[in-house]
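Q: Would you mind keeping the following structure in view while I ask a few things?
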Amino acid sequence: MIGTLGAIALLIAYGLVSTARMTGDSLAYQAINLGGALALAVNSGYHGAWPSAILNIVWTAIGVLTVGRFVARKAARRP
(Lines give C-alpha, C1' and ligand atoms only; values in the text may rest on other atoms or scores of the structure.)
Protein backbone atom coordinates (compact mmCIF):
# COMPACT_ATOMS: atom_id res chain seq x y z
CA MET A 1 0.00 0.00 0.00
CA ILE A 2 2.77 2.47 0.89
CA GLY A 3 4.50 1.87 -2.44
CA THR A 4 1.28 2.49 -4.34
CA LEU A 5 0.70 5.75 -2.44
CA GLY A 6 4.29 6.83 -3.16
CA ALA A 7 3.90 6.12 -6.86
CA ILE A 8 0.60 8.01 -6.96
CA ALA A 9 2.20 11.00 -5.20
CA LEU A 10 5.07 11.12 -7.71
CA LEU A 11 2.68 10.82 -10.64
CA ILE A 12 0.45 13.58 -9.29
CA ALA A 13 3.43 15.89 -8.78
CA TYR A 14 4.75 15.14 -12.26
CA GLY A 15 1.32 15.66 -13.80
CA LEU A 16 0.81 18.99 -12.04
CA VAL A 17 4.19 20.30 -13.19
CA SER A 18 3.73 18.97 -16.72
CA THR A 19 0.36 20.70 -17.05
CA ALA A 20 1.72 23.96 -15.54
CA ARG A 21 -0.62 23.77 -12.55
CA MET A 22 2.40 23.78 -10.24
CA THR A 23 5.99 24.86 -10.70
CA GLY A 24 8.93 22.55 -10.15
CA ASP A 25 10.54 25.04 -7.81
CA SER A 26 7.54 25.27 -5.46
CA LEU A 27 7.58 23.94 -1.92
CA ALA A 28 4.38 21.98 -2.60
CA TYR A 29 5.96 20.13 -5.53
CA GLN A 30 9.10 19.37 -3.57
CA ALA A 31 7.12 18.12 -0.56
CA ILE A 32 4.94 15.82 -2.68
CA ASN A 33 8.03 14.54 -4.49
CA LEU A 34 9.85 13.96 -1.20
CA GLY A 35 6.92 12.05 0.30
CA GLY A 36 6.51 9.88 -2.77
CA ALA A 37 10.21 9.05 -2.98
CA LEU A 38 10.36 8.22 0.73
CA ALA A 39 7.35 5.91 0.47
CA LEU A 40 8.85 4.13 -2.54
CA ALA A 41 12.24 3.83 -0.80
CA VAL A 42 10.61 2.15 2.21
CA ASN A 43 8.54 -0.14 0.02
CA SER A 44 11.46 -1.09 -2.22
CA GLY A 45 13.76 -1.77 0.72
CA TYR A 46 11.11 -3.90 2.43
CA HIS A 47 10.78 -6.02 -0.70
CA GLY A 48 14.55 -6.22 -1.30
CA ALA A 49 14.44 -4.27 -4.55
CA TRP A 50 17.76 -2.59 -3.78
CA PRO A 51 18.38 -0.69 -7.05
CA SER A 52 14.96 0.97 -6.68
CA ALA A 53 15.48 1.51 -2.94
CA ILE A 54 18.84 3.20 -3.52
CA LEU A 55 17.42 5.40 -6.28
CA ASN A 56 14.59 6.51 -4.03
CA ILE A 57 16.90 7.08 -1.04
CA VAL A 58 18.95 9.44 -3.21
CA TRP A 59 15.73 11.04 -4.52
CA THR A 60 14.59 11.48 -0.90
CA ALA A 61 17.91 13.04 0.09
CA ILE A 62 17.63 15.55 -2.75
CA GLY A 63 14.10 16.35 -1.59
CA VAL A 64 15.21 16.83 2.02
CA LEU A 65 17.97 19.23 0.91
CA THR A 66 15.60 21.17 -1.32
CA VAL A 67 12.84 21.46 1.29
CA GLY A 68 15.54 22.44 3.82
CA ARG A 69 16.55 25.31 1.53
CA PHE A 70 12.95 26.49 1.36
CA VAL A 71 12.68 26.45 5.15
CA ALA A 72 16.02 28.26 5.56
CA ARG A 73 15.03 30.96 3.06
CA LYS A 74 11.72 31.49 4.83
CA ALA A 75 13.45 31.70 8.23
CA ALA A 76 15.98 34.21 6.87
CA ARG A 77 13.16 36.51 5.72
CA ARG A 78 11.66 36.74 9.19
CA PRO A 79 12.67 39.81 11.18
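As shown in the C-alpha coordinates, the chain order sets the letters A, B, ...; within each chain, residues go from 1, and ligands are also counted from 1 in the order they appear.
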List the spatial neighbours of stretch 45-57 of chain A as a PyMOL selection string - criterion: any atom at most 12 Å away, only C-alpha atoms, same-chain residues fewer than 2 positions off excluded.

A: chain A and resi 2-3+6-7+10+33-43+59-64

Q: For the helix (DSSP H, G or I) assignment from backbone DSSP, which residues of chain A qualify? Please present them as a PyMOL selection string.

A: chain A and resi 2-18+27-46+50-77

Q: Name the closest residue to A:Val71 among the candidates A:Leu27, A:Val17, A:Met22, A:Met1; distances are taken between atoms, counting only C-alpha atoms.

A: A:Leu27

Q: May I have the residues within 12 Å of A:Leu16 as a JSON list (two decimals) with N, CA and C atoms, in the first residue's frame, using only C-alpha atoms and disregarding those fewer than 4 positions away in the same chain?

A:
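What landed in result-v3.json:
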```json
[["chain", "number", "residue", "atom", "x", "y", "z"],
["A", 9, "ALA", "N", 1.72, 9.66, -5.54],
["A", 9, "ALA", "CA", 2.20, 11.00, -5.20],
["A", 9, "ALA", "C", 3.16, 11.52, -6.27],
["A", 10, "LEU", "N", 4.11, 10.68, -6.69],
["A", 10, "LEU", "CA", 5.07, 11.12, -7.71],
["A", 10, "LEU", "C", 4.36, 11.42, -9.03],
["A", 11, "LEU", "N", 3.40, 10.59, -9.40],
["A", 11, "LEU", "CA", 2.68, 10.82, -10.64],
["A", 11, "LEU", "C", 1.84, 12.09, -10.59],
["A", 12, "ILE", "N", 1.22, 12.35, -9.45],
["A", 12, "ILE", "CA", 0.45, 13.58, -9.29],
["A", 12, "ILE", "C", 1.36, 14.79, -9.41],
["A", 20, "ALA", "N", 1.51, 22.58, -16.00],
["A", 20, "ALA", "CA", 1.72, 23.96, -15.54],
["A", 20, "ALA", "C", 0.74, 24.38, -14.45],
["A", 21, "ARG", "N", 0.24, 23.43, -13.68],
["A", 21, "ARG", "CA", -0.62, 23.77, -12.55],
["A", 21, "ARG", "C", 0.20, 23.96, -11.28],
["A", 22, "MET", "N", 1.48, 23.63, -11.36],
["A", 22, "MET", "CA", 2.40, 23.78, -10.24],
["A", 22, "MET", "C", 3.79, 23.96, -10.85],
["A", 23, "THR", "N", 4.64, 24.70, -10.18],
["A", 23, "THR", "CA", 5.99, 24.86, -10.70],
["A", 23, "THR", "C", 6.93, 23.89, -9.99],
["A", 24, "GLY", "N", 7.96, 23.48, -10.70],
["A", 24, "GLY", "CA", 8.93, 22.55, -10.15],
["A", 24, "GLY", "C", 9.76, 23.12, -9.02],
["A", 26, "SER", "N", 8.43, 24.92, -6.58],
["A", 26, "SER", "CA", 7.54, 25.27, -5.46],
["A", 26, "SER", "C", 7.75, 24.30, -4.30],
["A", 28, "ALA", "N", 5.39, 23.04, -2.49],
["A", 28, "ALA", "CA", 4.38, 21.98, -2.60],
["A", 28, "ALA", "C", 4.88, 20.84, -3.48],
["A", 29, "TYR", "N", 5.44, 21.17, -4.63],
["A", 29, "TYR", "CA", 5.96, 20.13, -5.53],
["A", 29, "TYR", "C", 7.06, 19.34, -4.84],
["A", 30, "GLN", "N", 7.99, 20.04, -4.22],
["A", 30, "GLN", "CA", 9.10, 19.37, -3.57],
["A", 30, "GLN", "C", 8.64, 18.48, -2.43],
["A", 32, "ILE", "N", 5.62, 16.99, -2.12],
["A", 32, "ILE", "CA", 4.94, 15.82, -2.68],
["A", 32, "ILE", "C", 5.98, 14.84, -3.22],
["A", 33, "ASN", "N", 6.96, 15.35, -3.92],
["A", 33, "ASN", "CA", 8.03, 14.54, -4.49],
["A", 33, "ASN", "C", 8.80, 13.83, -3.38]]
```

Q: Mind pulling up the distance from atom CA of A:Ala31 to atom CA of A:Pro79?

A: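 These two atoms are separated by 25.3 Å.
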